[in-house]
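Data block for protein.txt (compact mmCIF, C-alpha atoms and all ligand atoms):
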```
# COMPACT_ATOMS: atom_id res chain seq x y z
CA MET A 1 90.05 115.21 121.28
CA ALA A 2 88.79 111.71 120.56
CA LYS A 3 85.90 110.73 122.82
CA GLU A 4 87.08 108.29 125.50
CA THR A 5 84.06 106.05 125.50
CA GLY A 6 83.62 102.30 125.74
CA GLY A 7 82.64 100.15 122.83
CA ARG A 8 83.30 96.75 121.36
CA VAL A 9 86.67 97.85 119.93
CA ALA A 10 87.60 100.51 122.49
CA GLY A 11 91.35 101.15 122.35
CA LYS A 12 91.84 99.40 118.98
CA LYS A 13 93.70 101.21 116.21
CA ALA A 14 92.66 100.16 112.74
CA PHE A 15 94.43 100.76 109.42
CA ILE A 16 91.87 100.49 106.60
CA THR A 17 92.61 100.40 102.88
CA GLY A 18 90.04 101.66 100.41
CA GLY A 19 88.50 103.78 103.14
CA ALA A 20 87.30 106.62 100.90
CA GLN A 21 83.94 105.00 100.09
CA GLY A 22 81.92 101.81 100.09
CA LEU A 23 82.74 99.01 102.50
CA GLY A 24 85.95 100.61 103.79
CA ALA A 25 84.19 103.83 104.76
CA ALA A 26 81.30 101.93 106.39
CA ALA A 27 83.72 99.78 108.39
CA ALA A 28 85.67 102.86 109.49
CA ARG A 29 82.49 104.58 110.71
CA MET A 30 81.37 101.49 112.59
CA LEU A 31 84.75 100.83 114.22
CA ALA A 32 85.00 104.48 115.28
CA ARG A 33 81.49 104.40 116.75
CA GLU A 34 82.58 101.36 118.78
CA GLY A 35 85.64 103.08 120.24
CA ALA A 36 88.50 102.52 117.76
CA LYS A 37 90.82 104.99 116.12
CA VAL A 38 90.92 104.57 112.36
CA ALA A 39 93.40 105.39 109.59
CA LEU A 40 91.83 105.55 106.15
CA ALA A 41 94.25 104.87 103.32
CA ASP A 42 93.17 105.22 99.71
CA LEU A 43 94.26 106.20 96.23
CA ASN A 44 91.52 108.78 96.58
CA LEU A 45 93.04 110.91 99.34
CA GLU A 46 90.35 113.58 99.08
CA GLY A 47 87.62 110.99 99.62
CA ALA A 48 89.47 109.46 102.58
CA GLU A 49 89.93 112.92 104.12
CA LYS A 50 86.23 113.63 103.74
CA VAL A 51 85.23 110.40 105.52
CA ALA A 52 87.84 111.04 108.24
CA ALA A 53 86.50 114.58 108.76
CA GLU A 54 82.93 113.26 109.11
CA ILE A 55 84.06 110.68 111.67
CA ASN A 56 86.00 113.32 113.61
CA ALA A 57 82.97 115.62 113.60
CA GLU A 58 80.95 112.82 115.19
CA ARG A 59 83.54 111.19 117.46
CA GLY A 60 86.01 114.03 118.17
CA GLU A 61 89.26 115.19 116.54
CA GLY A 62 92.02 112.58 116.60
CA THR A 63 89.68 109.64 115.97
CA ALA A 64 90.24 109.33 112.22
CA PHE A 65 93.19 110.05 109.94
CA ALA A 66 93.60 109.88 106.16
CA TYR A 67 96.55 108.86 104.03
CA ALA A 68 97.33 108.52 100.34
CA LEU A 69 98.13 104.93 99.48
CA ASP A 70 98.31 102.87 96.33
CA VAL A 71 98.10 99.37 97.78
CA ARG A 72 100.28 98.05 94.92
CA ASP A 73 103.25 100.13 96.04
CA GLU A 74 105.53 98.76 98.76
CA ALA A 75 107.23 102.05 99.58
CA GLN A 76 103.86 103.78 100.00
CA TRP A 77 102.72 101.01 102.36
CA ILE A 78 105.81 101.43 104.53
CA TYR A 79 105.32 105.20 104.71
CA ALA A 80 101.55 105.17 105.32
CA LEU A 81 101.83 102.55 108.09
CA GLU A 82 104.57 104.55 109.78
CA MET A 83 102.46 107.72 109.66
CA ALA A 84 99.35 105.95 110.93
CA ASP A 85 101.26 104.25 113.74
CA ALA A 86 102.57 107.62 114.90
CA ALA A 87 99.16 109.32 114.62
CA MET A 88 97.11 106.62 116.36
CA GLY A 89 99.76 105.51 118.86
CA GLY A 90 99.94 102.03 117.32
CA ILE A 91 98.19 99.73 114.87
CA SER A 92 96.31 96.67 116.15
CA VAL A 93 93.91 95.97 113.26
CA LEU A 94 94.65 95.80 109.54
CA LEU A 95 91.65 95.81 107.23
CA ASN A 96 92.76 94.93 103.69
CA ASN A 97 89.66 96.13 101.88
CA ALA A 98 90.74 97.99 98.71
CA GLY A 99 89.89 95.93 95.68
CA ILE A 100 88.75 96.22 92.07
CA SER A 101 87.11 94.07 89.45
CA ILE A 102 87.55 93.94 85.69
CA GLY A 103 85.22 91.65 83.77
CA GLY A 104 85.81 89.73 80.57
CA ASN A 105 86.05 86.00 80.07
CA ILE A 106 89.33 84.12 79.75
CA GLU A 107 89.48 84.73 75.98
CA GLN A 108 88.65 88.42 76.25
CA LEU A 109 90.55 89.60 79.30
CA ALA A 110 93.74 91.52 78.49
CA PHE A 111 96.89 90.44 80.32
CA GLU A 112 97.39 94.02 81.49
CA ASP A 113 93.97 93.93 83.18
CA TRP A 114 94.76 90.54 84.73
CA LYS A 115 97.97 91.96 86.22
CA LYS A 116 96.25 95.11 87.43
CA VAL A 117 93.51 93.28 89.32
CA MET A 118 95.91 90.69 90.76
CA SER A 119 98.11 93.51 91.95
CA VAL A 120 95.38 95.62 93.59
CA ASN A 121 93.58 92.63 95.12
CA VAL A 122 96.44 90.28 96.09
CA ASP A 123 99.74 92.19 96.20
CA SER A 124 97.91 94.53 98.56
CA VAL A 125 97.20 91.80 101.10
CA PHE A 126 100.76 90.47 100.87
CA LEU A 127 102.33 93.91 101.29
CA GLY A 128 99.88 95.04 103.94
CA ALA A 129 100.33 91.99 106.15
CA LYS A 130 104.08 91.84 105.58
CA HIS A 131 104.64 95.42 106.69
CA ALA A 132 101.84 95.84 109.23
CA LEU A 133 102.96 92.82 111.26
CA LYS A 134 105.77 94.88 112.75
CA TYR A 135 103.16 97.20 114.30
CA LEU A 136 100.59 94.52 115.11
CA LYS A 137 103.26 92.64 117.08
CA GLU A 138 103.81 95.73 119.21
CA ASN A 139 100.05 96.08 119.81
CA GLN A 140 98.78 92.58 120.54
CA PRO A 141 96.15 91.23 120.44
CA GLY A 142 96.00 92.00 116.73
CA SER A 143 93.65 91.19 113.89
CA ILE A 144 94.13 91.10 110.14
CA ILE A 145 90.89 91.15 108.18
CA ASN A 146 90.97 90.57 104.45
CA ILE A 147 88.00 91.33 102.23
CA SER A 148 87.78 88.53 99.71
CA SER A 149 84.43 87.82 98.05
CA ILE A 150 82.00 84.99 97.57
CA ALA A 151 83.64 85.04 94.12
CA GLY A 152 86.79 83.78 95.82
CA LEU A 153 84.93 80.57 96.67
CA ILE A 154 82.52 80.21 93.74
CA ALA A 155 83.51 80.89 90.13
CA GLY A 156 81.60 82.70 87.41
CA HIS A 157 82.11 82.31 83.65
CA ASN A 158 83.24 85.87 82.95
CA THR A 159 85.26 86.92 85.99
CA PRO A 160 88.53 84.96 85.77
CA VAL A 161 90.81 87.47 87.41
CA TYR A 162 88.32 88.47 90.11
CA ASN A 163 87.80 84.77 90.96
CA ALA A 164 91.52 84.01 90.96
CA SER A 165 92.49 87.10 92.95
CA LYS A 166 89.82 86.65 95.62
CA ALA A 167 90.64 82.94 95.95
CA GLY A 168 94.22 84.07 96.49
CA VAL A 169 93.12 86.41 99.28
CA TRP A 170 91.19 83.54 100.88
CA LEU A 171 94.17 81.17 101.19
CA LEU A 172 96.70 83.91 101.88
CA SER A 173 94.58 84.84 104.91
CA LYS A 174 94.94 81.30 106.20
CA ASN A 175 98.67 81.28 105.55
CA ILE A 176 99.08 84.48 107.56
CA ALA A 177 96.94 83.00 110.35
CA LEU A 178 99.13 79.89 110.57
CA HIS A 179 102.33 81.90 110.44
CA CYS A 180 101.22 84.13 113.31
CA ALA A 181 100.04 81.16 115.37
CA LYS A 182 103.30 79.29 114.78
CA GLN A 183 105.31 82.31 115.84
CA GLY A 184 103.25 82.58 119.01
CA TYR A 185 101.84 86.00 118.07
CA ASN A 186 98.41 86.84 119.41
CA ILE A 187 97.46 88.06 115.94
CA ARG A 188 94.60 86.50 114.01
CA SER A 189 93.89 86.58 110.29
CA ASN A 190 90.53 85.89 108.68
CA SER A 191 88.73 86.61 105.43
CA ILE A 192 85.26 87.98 104.70
CA HIS A 193 83.33 86.88 101.63
CA PRO A 194 80.48 89.21 100.64
CA THR A 195 78.15 88.85 97.74
CA PHE A 196 76.69 91.94 96.02
CA ILE A 197 76.65 94.88 98.41
CA ASP A 198 75.23 98.30 97.64
CA THR A 199 78.42 100.32 97.09
CA PRO A 200 79.84 102.34 94.17
CA ILE A 201 81.54 99.15 92.89
CA LEU A 202 78.13 98.25 91.40
CA ASP A 203 77.81 101.61 89.60
CA ARG A 204 79.18 100.31 86.30
CA LEU A 205 76.43 97.70 86.13
CA ARG A 206 73.82 100.24 87.30
CA ASP A 207 74.98 102.68 84.58
CA MET A 208 74.77 99.93 81.97
CA LEU A 209 71.36 98.50 82.83
CA GLY A 210 69.71 101.20 84.94
CA LYS A 211 69.55 101.02 88.72
CA GLU A 212 66.36 99.03 89.09
CA VAL A 213 67.07 96.42 86.42
CA ALA A 214 70.64 95.98 87.67
CA GLU A 215 69.65 95.52 91.30
CA THR A 216 66.78 93.17 90.43
CA LYS A 217 69.13 91.09 88.28
CA LEU A 218 71.62 90.82 91.15
CA ALA A 219 68.95 90.20 93.79
CA ARG A 220 67.56 87.26 91.77
CA GLN A 221 70.84 85.40 92.40
CA VAL A 222 70.58 85.82 96.18
CA PRO A 223 68.37 83.38 98.15
CA LEU A 224 67.45 86.17 100.61
CA GLY A 225 66.12 88.11 97.61
CA HIS A 226 68.09 91.34 97.89
CA ILE A 227 71.62 92.72 97.75
CA GLY A 228 73.42 93.56 100.99
CA GLU A 229 74.08 96.86 102.75
CA PRO A 230 77.58 98.10 103.62
CA ASP A 231 76.82 97.71 107.35
CA ASP A 232 76.14 93.99 106.81
CA ILE A 233 79.85 93.71 106.13
CA ALA A 234 80.94 96.37 108.64
CA ASN A 235 79.29 94.31 111.39
CA ALA A 236 81.46 91.33 110.45
CA VAL A 237 84.55 93.56 110.41
CA LEU A 238 83.59 94.82 113.87
CA TYR A 239 83.35 91.27 115.20
CA LEU A 240 86.69 90.23 113.69
CA ALA A 241 88.42 93.41 114.90
CA SER A 242 87.13 92.91 118.44
CA ASP A 243 88.38 90.41 121.01
CA GLU A 244 84.95 88.71 120.79
CA SER A 245 86.50 86.70 117.93
CA LYS A 246 89.67 85.86 119.88
CA PHE A 247 89.47 82.11 119.07
CA MET A 248 88.81 82.64 115.38
CA THR A 249 91.74 82.57 112.98
CA GLY A 250 92.32 81.17 109.52
CA ALA A 251 88.57 81.17 108.96
CA GLU A 252 86.20 82.68 106.42
CA LEU A 253 82.97 84.52 107.06
CA LYS A 254 80.52 84.22 104.18
CA LEU A 255 78.01 87.08 104.01
CA ASP A 256 76.28 86.09 100.84
CA GLY A 257 72.56 86.00 101.49
CA GLY A 258 72.66 82.22 101.12
CA ILE A 259 74.34 81.94 97.69
CA SER A 260 76.96 79.43 98.84
CA ALA A 261 74.32 77.25 100.49
CA MET A 262 72.89 76.32 97.09
N1 LIG A 301 80.38 95.72 96.95
C1 LIG A 301 80.34 94.46 96.59
O1 LIG A 301 79.38 94.00 95.96
C2 LIG A 301 81.48 93.53 96.96
C3 LIG A 301 81.23 92.15 96.98
C4 LIG A 301 82.26 91.28 97.32
C5 LIG A 301 83.52 91.79 97.62
N2 LIG A 301 83.73 93.15 97.58
C6 LIG A 301 85.08 93.62 97.90
O2 LIG A 301 85.00 94.57 98.94
C7 LIG A 301 86.06 95.52 98.83
C8 LIG A 301 85.52 96.93 98.88
O3 LIG A 301 84.62 97.07 97.80
P1 LIG A 301 83.60 98.29 97.65
O4 LIG A 301 82.33 97.71 97.20
O5 LIG A 301 83.63 99.16 98.86
O6 LIG A 301 84.30 99.02 96.41
P2 LIG A 301 84.38 100.57 96.01
O7 LIG A 301 84.78 100.58 94.58
O8 LIG A 301 83.15 101.28 96.43
O9 LIG A 301 85.60 101.11 96.91
C9 LIG A 301 86.91 100.65 96.73
C10 LIG A 301 87.87 101.67 97.30
O10 LIG A 301 89.20 101.16 97.08
C11 LIG A 301 89.99 102.21 96.58
N3 LIG A 301 91.08 101.67 95.76
C12 LIG A 301 90.98 101.10 94.53
N4 LIG A 301 92.21 100.79 94.08
C13 LIG A 301 93.09 101.16 95.04
C14 LIG A 301 94.50 101.11 95.15
N5 LIG A 301 95.28 100.62 94.16
N6 LIG A 301 95.07 101.57 96.28
C15 LIG A 301 94.31 102.09 97.27
N7 LIG A 301 92.97 102.19 97.22
C16 LIG A 301 92.37 101.72 96.10
C17 LIG A 301 89.05 103.09 95.77
O11 LIG A 301 89.57 104.40 95.60
C18 LIG A 301 87.79 103.04 96.63
O12 LIG A 301 87.79 104.06 97.60
C19 LIG A 301 86.80 95.16 97.53
O13 LIG A 301 87.92 94.35 97.83
C20 LIG A 301 85.76 94.35 96.77
O14 LIG A 301 86.35 93.45 95.84
C21 LIG A 301 82.74 94.01 97.26
```
structure tokens encoding of this file:
Amino acid sequence: MAKETGGRVAGKKAFITGGAQGLGAAAARMLAREGAKVALADLNLEGAEKVAAEINAERGEGTAFAYALDVRDEAQWIYALEMADAAMGGISVLLNNAGISIGGNIEQLAFEDWKKVMSVNVDSVFLGAKHALKYLKENQPGSIINISSIAGLIAGHNTPVYNASKAGVWLLSKNIALHCAKQGYNIRSNSIHPTFIDTPILDRLRDMLGKEVAETKLARQVPLGHIGEPDDIANAVLYLASDESKFMTGAELKLDGGISAM
């Protein structure tokens, strides 16, 4: 049985995409520690099941659940949300976290890669919000949290589709916020904008340059002088999932070590 303890998100039920590793897994662990039930949805079902099992070992069976989901697929969204709603007894938080990056400047990037990244990063937020709202409305107050990136606010020279997709997530979050407010729903929508965080998403660069060189290169771009930890972002997710942020909607939280202040 799930432990009936207090916590900053006690009684919340969170559906998390990309929960098998990285920021999604860290957010799931943190939300569960603070009293929420969590549904981890990922292409990598085995990974999601492993994280869910670890959470259940710590917090008690029935705290975490895992589902297969390709966030580009509408039918899979509908099915996974229905399963998670039944398992958790509702859904009150949607964390749209799954995302990918493919580099290559505007002359190099293949159209297929453009479409793939747009689909994983942006279709996912559209489909997730569209279909989760049914459940969030039944479980108000609700919160939609979309993981954009500092790259959604500041461009680079060789990341056209990552920039465009994360900028899309940024404004789509605001659109959802205004829609919910206009409808009179007590459901908020906000975006989070991290800079480099120590997750497997950085592995390609680490493999290319070696861990130390890669991390030093990234850290040099951050005024605070180092890359972030997954819990730096999980703490922001916790705040936005909790009622502590009840007056915050249509906003963006930049967790970028100072990059955007320059
Ligand atoms: N780590 C960073 O430096 C950083 C910085 C800014 C923004 N972000 C964003 O944070 C989010 C999480 O990143 P991360 O660092 O944890 O990445 P990660 O690569 O470690 O994890 C991403 C997870 O998403 C899953 N996923 C990928 N495609 C999917 C799909 N089509 N359907 C379902 N699941 C899918 C993967 O299986 C994986 O478990 C992403 O949206 C990313 O763009 C990360």
Wanna dump the chain A-ligand LIG 301 (chain A) contacts at 7 Å for me, each residue with its shortest atom pair and the distance in Å to one decimal, counting all atoms listed in the file, ordered by chain and number, as JSON lines?
```
{"residue": "A:Thr17", "atom": "CA", "partner": "A:LIG301", "partner_atom": "N7", "distance": 5.9}
{"residue": "A:Gly18", "atom": "CA", "partner": "A:LIG301", "partner_atom": "O10", "distance": 3.5}
{"residue": "A:Gly19", "atom": "CA", "partner": "A:LIG301", "partner_atom": "O12", "distance": 5.6}
{"residue": "A:Ala20", "atom": "CA", "partner": "A:LIG301", "partner_atom": "O12", "distance": 4.2}
{"residue": "A:Gln21", "atom": "CA", "partner": "A:LIG301", "partner_atom": "O12", "distance": 4.7}
{"residue": "A:Gly22", "atom": "CA", "partner": "A:LIG301", "partner_atom": "O5", "distance": 3.4}
{"residue": "A:Leu23", "atom": "CA", "partner": "A:LIG301", "partner_atom": "O5", "distance": 3.8}
{"residue": "A:Gly24", "atom": "CA", "partner": "A:LIG301", "partner_atom": "O5", "distance": 5.6}
{"residue": "A:Ala41", "atom": "CA", "partner": "A:LIG301", "partner_atom": "C15", "distance": 6.7}
{"residue": "A:Asp42", "atom": "CA", "partner": "A:LIG301", "partner_atom": "N7", "distance": 3.9}
{"residue": "A:Leu43", "atom": "CA", "partner": "A:LIG301", "partner_atom": "C15", "distance": 4.2}
{"residue": "A:Asn44", "atom": "CA", "partner": "A:LIG301", "partner_atom": "O11", "distance": 4.9}
{"residue": "A:Leu69", "atom": "CA", "partner": "A:LIG301", "partner_atom": "C15", "distance": 5.2}
{"residue": "A:Asp70", "atom": "CA", "partner": "A:LIG301", "partner_atom": "N6", "distance": 3.5}
{"residue": "A:Val71", "atom": "CA", "partner": "A:LIG301", "partner_atom": "N6", "distance": 4.0}
{"residue": "A:Arg72", "atom": "CA", "partner": "A:LIG301", "partner_atom": "N5", "distance": 5.7}
{"residue": "A:Asn97", "atom": "CA", "partner": "A:LIG301", "partner_atom": "O13", "distance": 4.8}
{"residue": "A:Ala98", "atom": "CA", "partner": "A:LIG301", "partner_atom": "O10", "distance": 3.9}
{"residue": "A:Gly99", "atom": "CA", "partner": "A:LIG301", "partner_atom": "O13", "distance": 3.3}
{"residue": "A:Ile100", "atom": "CA", "partner": "A:LIG301", "partner_atom": "O14", "distance": 5.3}
{"residue": "A:Ser101", "atom": "CA", "partner": "A:LIG301", "partner_atom": "O14", "distance": 6.5}
{"residue": "A:Val120", "atom": "CA", "partner": "A:LIG301", "partner_atom": "N5", "distance": 5.0}
{"residue": "A:Asn121", "atom": "CA", "partner": "A:LIG301", "partner_atom": "O13", "distance": 6.5}
{"residue": "A:Ile147", "atom": "CA", "partner": "A:LIG301", "partner_atom": "O13", "distance": 5.3}
{"residue": "A:Ser148", "atom": "CA", "partner": "A:LIG301", "partner_atom": "C5", "distance": 5.8}
{"residue": "A:Ser149", "atom": "CA", "partner": "A:LIG301", "partner_atom": "C5", "distance": 4.1}
{"residue": "A:Ile150", "atom": "CA", "partner": "A:LIG301", "partner_atom": "C4", "distance": 6.3}
{"residue": "A:His193", "atom": "CA", "partner": "A:LIG301", "partner_atom": "C4", "distance": 6.3}
{"residue": "A:Pro194", "atom": "CA", "partner": "A:LIG301", "partner_atom": "C4", "distance": 4.3}
{"residue": "A:Thr195", "atom": "CA", "partner": "A:LIG301", "partner_atom": "C3", "distance": 4.6}
{"residue": "A:Phe196", "atom": "CA", "partner": "A:LIG301", "partner_atom": "O1", "distance": 3.4}
{"residue": "A:Ile197", "atom": "CA", "partner": "A:LIG301", "partner_atom": "O1", "distance": 3.8}
{"residue": "A:Asp198", "atom": "CA", "partner": "A:LIG301", "partner_atom": "N1", "distance": 5.8}
{"residue": "A:Thr199", "atom": "CA", "partner": "A:LIG301", "partner_atom": "O4", "distance": 4.7}
{"residue": "A:Pro200", "atom": "CA", "partner": "A:LIG301", "partner_atom": "O8", "distance": 4.1}
{"residue": "A:Ile201", "atom": "CA", "partner": "A:LIG301", "partner_atom": "O7", "distance": 3.9}
{"residue": "A:Leu202", "atom": "CA", "partner": "A:LIG301", "partner_atom": "O1", "distance": 6.4}
```
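Proximity to Gly184 in chain A was assessed for A:Tyr239, A:Lys137, A:Lys115, A:Leu171 counting all atoms listed in the file; the smallest distance is recorded for A:Lys137.
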| request: Between CA of Ala129 in chain A and CA of Gly168 in chain A, measure the distance and give it in Å to one decimal. | output: 13.9 Å
| request: Tell me which of A:Val169, A:Ala110, A:Ala80, A:Met30 sits closest to Ser189 in chain A, counting only C-alpha atoms. | output: A:Val169
Identify, on the basis of all atoms listed in the file, every residue whose closest approach to Asp243 in chain A does not exceed 9 Å; exclude the query and any residue fewer than 4 positions from it along the same chain; express the result as a CSV table (one decimal) with C-alpha atoms, in the frame of the given file.
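What follows is the written file around.csv:
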```csv
chain,number,residue,atom,x,y,z
A,8,ARG,CA,83.3,96.8,121.4
A,9,VAL,CA,86.7,97.8,119.9
A,141,PRO,CA,96.2,91.2,120.4
A,142,GLY,CA,96.0,92.0,116.7
A,143,SER,CA,93.6,91.2,113.9
A,239,TYR,CA,83.4,91.3,115.2
A,247,PHE,CA,89.5,82.1,119.1
```
| field | Spatial neighbours of Glu54 in chain A, 12 Å, only C-alpha atoms, chain gap at least 6 places, as a ChimeraX atom specification | value | /A:20,25-26,28-29,32-33,47-48,60-66
| request: Quick one: everything within 10 Å of Asp85 in chain A, counting all atoms listed in the file, minus sequence neighbours fewer than 5 positions away in the same chain. Send it as a PyMOL selection string. | output: chain A and resi 13-15+39+79-80+90-92+132+135-136
